[in-house]
Every structure is written in C-alpha cells, then in structure tokens.
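Presented below is the structure to which this report refers.
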Amino acid sequence: MRMRHARPIILPATVFVVVMMAVLPGCRKDPVVYAGEEAGWPTPADLDLPPGVLALLGMPDMPLDNPLTVEGIALGRRLFYEKALSDTQTMSCASCHRQGNAFSDPRAFSVGTDGRVGTRNSMTLANLAWGDRMFWDGRVHGLEAQAHDPVVDPLEMNNSWPVVEQRLNADAEYRQLFRQAFGTTEIDSTLVTHALAQFIRTMTSFDSPFDRYWFGGDTTAMSEEALNGLALFTSQGKCAGCHTLGLFTDNAFRNNGLDLVVTDPGLGAVTGDPGDLGRFKVPTLRNIAVTAPYMHDSRFATLEEVLGHYNGGVHMASPTVDPLMDFWGMNPAPFSPNEIIDLMAFLHSLTDETFLLDPRFAEP
Ligand code: HEC
Ligand code: HEC
C-alpha cells in the first residue's frame, strides 16, 4: 500500500537525501527533489478540517510520493486555470469545472476544444482527497493518474503531453514555480499532474448549513423542513446507505435503477465483469443544488426530476440493481408530496457558499 498520511514521510525523505549526498558525491549533480530546501521550499502543508469532520472522516491518506506543500498547491491552482494545457490554448480544467457550480459544468455534456461533445456530465470536485477511483466509471485510481487524462482526451483538451511540457518549459515563470514546488526546473507530465492533484486535494467543502448543524451543533442552521428531510434521508428513504453522511458518497459503484436495460456499461466496461454493468460512482450530494444537470448522462435537469426517479421511477428489474435499493422493491413511491418538499429542503441545505466563493480556489 503506497498511501499514508503525508507528514511523517517528509523528514525521512529529507534525511535520506542528505545522507545520500554526504555518502555519494556523485549524487550531488542529480536534480534532487529537495534542492529548494535551503531557500525553505517546499513548505509542508496540511488540510485544515473542522474537528467534527476530522473525527468522522479522519485525515485523508496522501500518496507517499506527493505530499501537500504550499508551493505545490499554489502551482496546481495556477495549472488548473492554465489554458496552455489544451491544444488550442482556449480551455483549462476550469472550463468544465466551474467554481460557482461547485466545480461541475452546467452544460449536460462538456464540449472539447474541437467542438466534440462527450457522453457524460462533468463531475463536482469537492472532498476528492478521500476518493480513490475517479470518473463515473472508476477507470483510474487517484488524482495524479486522473489529471493525466483530460489533457490528452480528444473530447476534452485534445492535446499531447510533449506539447504541454514544451510550452511550460519555455516559460521562465513556470520553471521557477516548479523549482519552488518540486526542486527542479525540468517540467514534465508527472510534476504537472502532481501539482494539480495537490490543489484538488485542498478543495474541501464542509461549511454548509448541514455542517453547521451536524458538526458545529448550531441548531438554528437548518430549517424545520430540512431537518425533516434529513430524517427521511437517513431512515425511511435509505438514501444515506449510499450517500453516507459526511462525504455524502460511500465512494462505491452502484446501480440505482435508472434503466431497465443498461445503456452505458459504466464500471462494467472497466472491469469486464457483467455484474458491474450499469454501475456508476455514487456521486457526492454536497452542493447538489448548484450542480445540475444530474446523473452520469445528465438525464435529469432538476432535483425535482431526480426525486421523481426515487419516487416511482426506480427500475427494480434492472439486472444489476443494487441490494441497497431493495427498499424500493417494497415501496416503489415512498414519499408523500410534503416529504418531497422536506427532502428538497434538505438537499438545498448541502450548499456550501464558502466553498463556492472561496478565494483560495478561484482563478489566481
Ligand atoms: C471538456 C471538459 C473537461 C475538461 C477540460 C476537464 N474535465 Fe474533468 N471531467 C469532465 C467530465 C465530463 C468528467 C466525467 C467523465 C467521465 O466520468 O467519464 C470529469 C471528471 C473529472 C474528475 C473525476 C471526479 C470524480 O469524482 O471522480 C476529476 C478529478 C477531474 N475531472 C479533474 C479535471 C482536471 C484536473 C482537469 C484539467 C487537467 C479537467 N478535469 C479538465 C470534464 C472535463
Ligand atoms: C443504492 C445506492 C443509492 C441509494 C440508496 C440512493 N442513491 Fe442517489 N445515486 C446513487 C448513484 C449510483 C447515483 C448516480 C447514478 C448514475 O448517474 O448512473 C445517484 C445519483 C443521485 C443524485 C444525482 C447526483 C448527481 O450529481 O448527478 C441525487 C440528487 C441523488 N442520487 C439523491 C438520492 C436521494 C435523495 C436518495 C434517497 C431518496 C438516494 N439518492 C438514494 C446511488 C444511490
């Protein structure tokens, strides 16, 4: 297992480099990752989490080879908004991951640089530090590996890594920023994806009315309807079986009964297992009121339509439907009109205005 919390590894790695430099003079010429250390770079960083969140979720595991640093995060933020990553220099990550929409895309399908349209809805980027398998179908593990793909995806940035590396290496400011973050001016795809992953790990969202109530003990933070909705969400509705409180996803891949006949294989195309057909990543419901449209294929334009699915639209005969959907087998339309109003109020209480406006995540 290569994941562990970042802090403890920084010292041993430093000691190792110092020892190697003392023992082996030949090593001195190598581009050492900690070369910036004399100047104080890079500066170790950690996530600042509310105590209640920390108690429930713990600090996320960080990859051993990419600990969070102040300089790495700042560089990642810049790269997230960098249009030179795309072939035509017109598109950045933020083109399809907009802060006002909790870093999702209000368009049903994002449009690539050459006008081609994908088949899946862009995903919100909140609290991914706790995630492992990325994308609706879980086809890559980890944020570093994920960040590699949009650059070369013909439906997205439609570029090649050598072109990106060449452009960034030609920019003196970027060379300096990479030196501060990683101790080298040799910019390559690995370091670019490492910086992007660091930035995305800092994008935490835990300041919604729900959080102020649940973790902060503020009994006035949620309306009465929203509190009723929370009770339904966790009990009768069984929603919290998959959208677990805290992250509002269990990070598993499940079929919530959208289709009788599977139209997009989802996880099944990745694993080749027929039992995985039509299974998709359980999406977080954080900031759900601002991340329309909904589901992997954007089939629902509004939250009312989503609740319509969970109130009479579930296909229990779908071959891979999740066992946690069994409740709907007995209660195809479990919610009264008033309960739908309560659930709506609850879903709206997951909007975190601080996150949507946080200057740390805005274009630098
Ligand atoms: C053209 C639009 C577009 C661009 C540009 C784009 N993305 Fe995405 N992003 C998407 C879509 C669509 C998905 C879902 C794709 C899928 O599941 O097949 C996605 C998924 C993701 C995910 C997975 C989230 C999760 O919960 O699994 C991450 C992380 C991500 N993008 C980060 C980035 C980064 C970093 C960049 C820039 C290097 C970027 N994206 C550029 C459209 C885009
Ligand atoms: C068996 C697990 C499971 C249960 C139970 C469940 N969901 Fe979901 N939910 C999912 C999955 C999986 C998706 C994504 C499906 C897809 O796109 O193919 C989803 C999608 C959603 C979405 C759209 C999210 C987005 O970003 O597009 C909302 C909103 C939602 N669920 C709310 C609820 C509510 C409210 C309940 C209870 C009434 C509930 N869910 C019960 C698994 C579940």
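Residues are named by chain letter and number: chains run A, B, ... in the order of the structure tokens, numbers start at 1 in each chain, and ligands are numbered from 1 in the order shown.
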Query raised in the report: Tell me, which residues of region 123-309 of chain A carry DSSP alpha helix (DSSP H), written as a ChimeraX atom specification?
Result: /A:143-152,161-169,172-182,189-201,209-214,224-234,267-271,303-308
Report task. May I have the residues within 8 Å of ligand 1, computed using only C-alpha atoms and all ligand atoms, as a ChimeraX atom specification? Result -> /A:79-80,85-86,91-97,104-105,109-113,118-126,128,131,133-138,143,146-151,155-157,193,196-197,200,281,283,296
Requested in this report: Residues within 8 Å of ligand 2, counting only C-alpha atoms and all ligand atoms: report them as number ranges by chain.
Outcome: A: 121, 123-124, 136, 232-233, 237-243, 252-256, 258, 266, 278-285, 288, 291-298, 303, 306-307, 310-311, 321-325, 343, 347
Selection from above, C-alpha atoms, as an mmCIF file, in the first residue's frame, can you write it?
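Okay, part.cif is ready:
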```
data_model
loop_
_atom_site.group_PDB
_atom_site.id
_atom_site.type_symbol
_atom_site.label_atom_id
_atom_site.label_comp_id
_atom_site.auth_asym_id
_atom_site.auth_seq_id
_atom_site.Cartn_x
_atom_site.Cartn_y
_atom_site.Cartn_z
ATOM 1 C CA ASN A 121 -21.756 15.039 -17.225
ATOM 2 C CA MET A 123 -18.300 15.974 -12.006
ATOM 3 C CA THR A 124 -18.082 18.223 -8.961
ATOM 4 C CA TRP A 136 -18.202 7.958 -13.232
ATOM 5 C CA LEU A 232 -36.124 10.884 5.810
ATOM 6 C CA PHE A 233 -32.751 10.781 4.073
ATOM 7 C CA GLY A 237 -35.506 6.975 2.371
ATOM 8 C CA LYS A 238 -32.399 4.801 2.753
ATOM 9 C CA CYS A 239 -30.540 7.431 0.772
ATOM 10 C CA ALA A 240 -27.752 7.560 3.346
ATOM 11 C CA GLY A 241 -26.960 3.891 2.740
ATOM 12 C CA CYS A 242 -25.115 5.020 -0.386
ATOM 13 C CA HIS A 243 -24.839 8.788 0.050
ATOM 14 C CA ALA A 252 -18.679 2.767 -4.192
ATOM 15 C CA PHE A 253 -20.071 1.950 -7.649
ATOM 16 C CA ARG A 254 -23.747 1.105 -7.718
ATOM 17 C CA ASN A 255 -26.795 0.812 -9.949
ATOM 18 C CA ASN A 256 -29.628 2.967 -8.565
ATOM 19 C CA LEU A 258 -32.113 4.242 -13.711
ATOM 20 C CA GLY A 266 -20.176 2.149 -16.562
ATOM 21 C CA GLY A 278 -24.657 -0.091 -15.297
ATOM 22 C CA ARG A 279 -22.853 0.587 -12.043
ATOM 23 C CA PHE A 280 -21.600 4.150 -11.544
ATOM 24 C CA LYS A 281 -19.775 6.050 -8.855
ATOM 25 C CA VAL A 282 -22.161 7.137 -6.114
ATOM 26 C CA PRO A 283 -21.877 10.916 -6.545
ATOM 27 C CA THR A 284 -21.484 13.188 -3.553
ATOM 28 C CA LEU A 285 -24.595 15.247 -2.857
ATOM 29 C CA ILE A 288 -26.114 19.330 -5.228
ATOM 30 C CA THR A 291 -24.524 21.025 -9.893
ATOM 31 C CA ALA A 292 -27.431 20.394 -12.287
ATOM 32 C CA PRO A 293 -27.973 18.549 -14.561
ATOM 33 C CA TYR A 294 -27.965 15.185 -12.796
ATOM 34 C CA MET A 295 -26.782 11.584 -13.202
ATOM 35 C CA HIS A 296 -23.831 10.407 -15.319
ATOM 36 C CA ASP A 297 -25.727 11.181 -18.518
ATOM 37 C CA SER A 298 -27.464 14.380 -17.352
ATOM 38 C CA LEU A 303 -33.673 17.953 -8.407
ATOM 39 C CA VAL A 306 -34.235 13.265 -9.516
ATOM 40 C CA LEU A 307 -36.696 12.846 -6.660
ATOM 41 C CA TYR A 310 -36.625 7.925 -6.368
ATOM 42 C CA ASN A 311 -40.401 8.230 -6.023
ATOM 43 C CA VAL A 321 -29.716 -3.073 -9.387
ATOM 44 C CA ASP A 322 -28.046 -2.531 -6.026
ATOM 45 C CA PRO A 323 -29.199 -4.542 -2.968
ATOM 46 C CA LEU A 324 -29.446 -1.236 -1.064
ATOM 47 C CA MET A 325 -32.288 -0.334 -3.446
ATOM 48 C CA LEU A 343 -36.150 16.229 1.001
ATOM 49 C CA LEU A 347 -30.697 18.764 -0.383
#
```
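On the backbone of this structure, DSSP gives strand (DSSP E or B) within region 29-142 of chain A to Pro44, Met62, Pro63, Thr69, Arg98, Ser104, Val111, Val117, Arg133, Met134, Val140 and His141 of chain A.
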Query raised in the report: Between A:Trp130, A:Met203, A:Leu177, A:Met344, which one has atoms that come closest to Leu54 (chain A), using only C-alpha atoms?
Result: A:Trp130
Please report as CSV every residue of region 174-199 of chain A lying within 9 Å of region 63-69 of chain A, along with the nearest atom pair and their distance in Å (one decimal), using only C-alpha atoms.
```
residue,atom,partner,partner_atom,distance
A:Ala181,CA,A:Thr69,CA,7.2
A:His194,CA,A:Asn66,CA,6.4
A:Ala195,CA,A:Asn66,CA,8.5
A:Ala197,CA,A:Asn66,CA,8.6
A:Gln198,CA,A:Leu68,CA,5.8
A:Phe199,CA,A:Leu68,CA,8.5
```
Go ahead and write the residues just picked, N, CA and C atoms, as a short mmCIF file (atom, residue, chain, number, x, y, z; two decimals), in the first residue's frame.
```cif
data_model
loop_
_atom_site.label_atom_id
_atom_site.label_comp_id
_atom_site.auth_asym_id
_atom_site.auth_seq_id
_atom_site.Cartn_x
_atom_site.Cartn_y
_atom_site.Cartn_z
N ALA A 181 8.26 24.30 -6.03
CA ALA A 181 7.36 23.23 -5.58
C ALA A 181 8.04 21.87 -5.54
N HIS A 194 1.07 16.01 -10.49
CA HIS A 194 1.23 16.05 -9.03
C HIS A 194 0.74 17.38 -8.47
N ALA A 195 1.09 18.48 -9.13
CA ALA A 195 0.65 19.79 -8.64
C ALA A 195 -0.88 19.91 -8.72
N ALA A 197 -3.06 17.53 -8.62
CA ALA A 197 -3.65 16.67 -7.59
C ALA A 197 -3.57 17.32 -6.21
N GLN A 198 -2.46 17.97 -5.93
CA GLN A 198 -2.34 18.65 -4.63
C GLN A 198 -3.41 19.72 -4.48
N PHE A 199 -3.58 20.51 -5.53
CA PHE A 199 -4.59 21.59 -5.46
C PHE A 199 -5.98 20.99 -5.23
#
```
Query raised in the report: Given the choices A:Leu227, A:Leu247, A:Met222, A:Val152, which gets closest to Asp87 (chain A) if the distance is worked out from only C-alpha atoms?
Result: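 Counting only C-alpha atoms, the residue closest to Asp87 (chain A) is A:Val152.
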All residues 9 Å or closer to Gly329 (chain A), only C-alpha atoms, same chain fewer than 6 positions away omitted, as a PDB file with N, CA, C and O atoms, in the first residue's frame:
```
ATOM      1  N   VAL A 314     -37.876   4.036 -10.079  1.00  0.00           N
ATOM      2  CA  VAL A 314     -36.766   3.080  -9.936  1.00  0.00           C
ATOM      3  C   VAL A 314     -37.106   1.758 -10.644  1.00  0.00           C
ATOM      4  O   VAL A 314     -38.178   1.203 -10.440  1.00  0.00           O
ATOM      5  N   HIS A 315     -36.162   1.301 -11.479  1.00  0.00           N
ATOM      6  CA  HIS A 315     -36.347   0.020 -12.176  1.00  0.00           C
ATOM      7  C   HIS A 315     -35.744  -1.096 -11.338  1.00  0.00           C
ATOM      8  O   HIS A 315     -34.558  -1.389 -11.437  1.00  0.00           O
ATOM      9  N   MET A 316     -36.586  -1.735 -10.532  1.00  0.00           N
ATOM     10  CA  MET A 316     -36.073  -2.806  -9.680  1.00  0.00           C
ATOM     11  C   MET A 316     -35.710  -4.057 -10.484  1.00  0.00           C
ATOM     12  O   MET A 316     -35.008  -4.931  -9.983  1.00  0.00           O
TER      13      MET A 316
END
```
Query raised in the report: Restricting the calculation to only C-alpha atoms, which member of A:Arg360, A:Arg299, A:Arg201, A:Arg167 is positioned closest to Gln89 (chain A)?
Result: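 Closest residue, counting only C-alpha atoms: A:Arg167.
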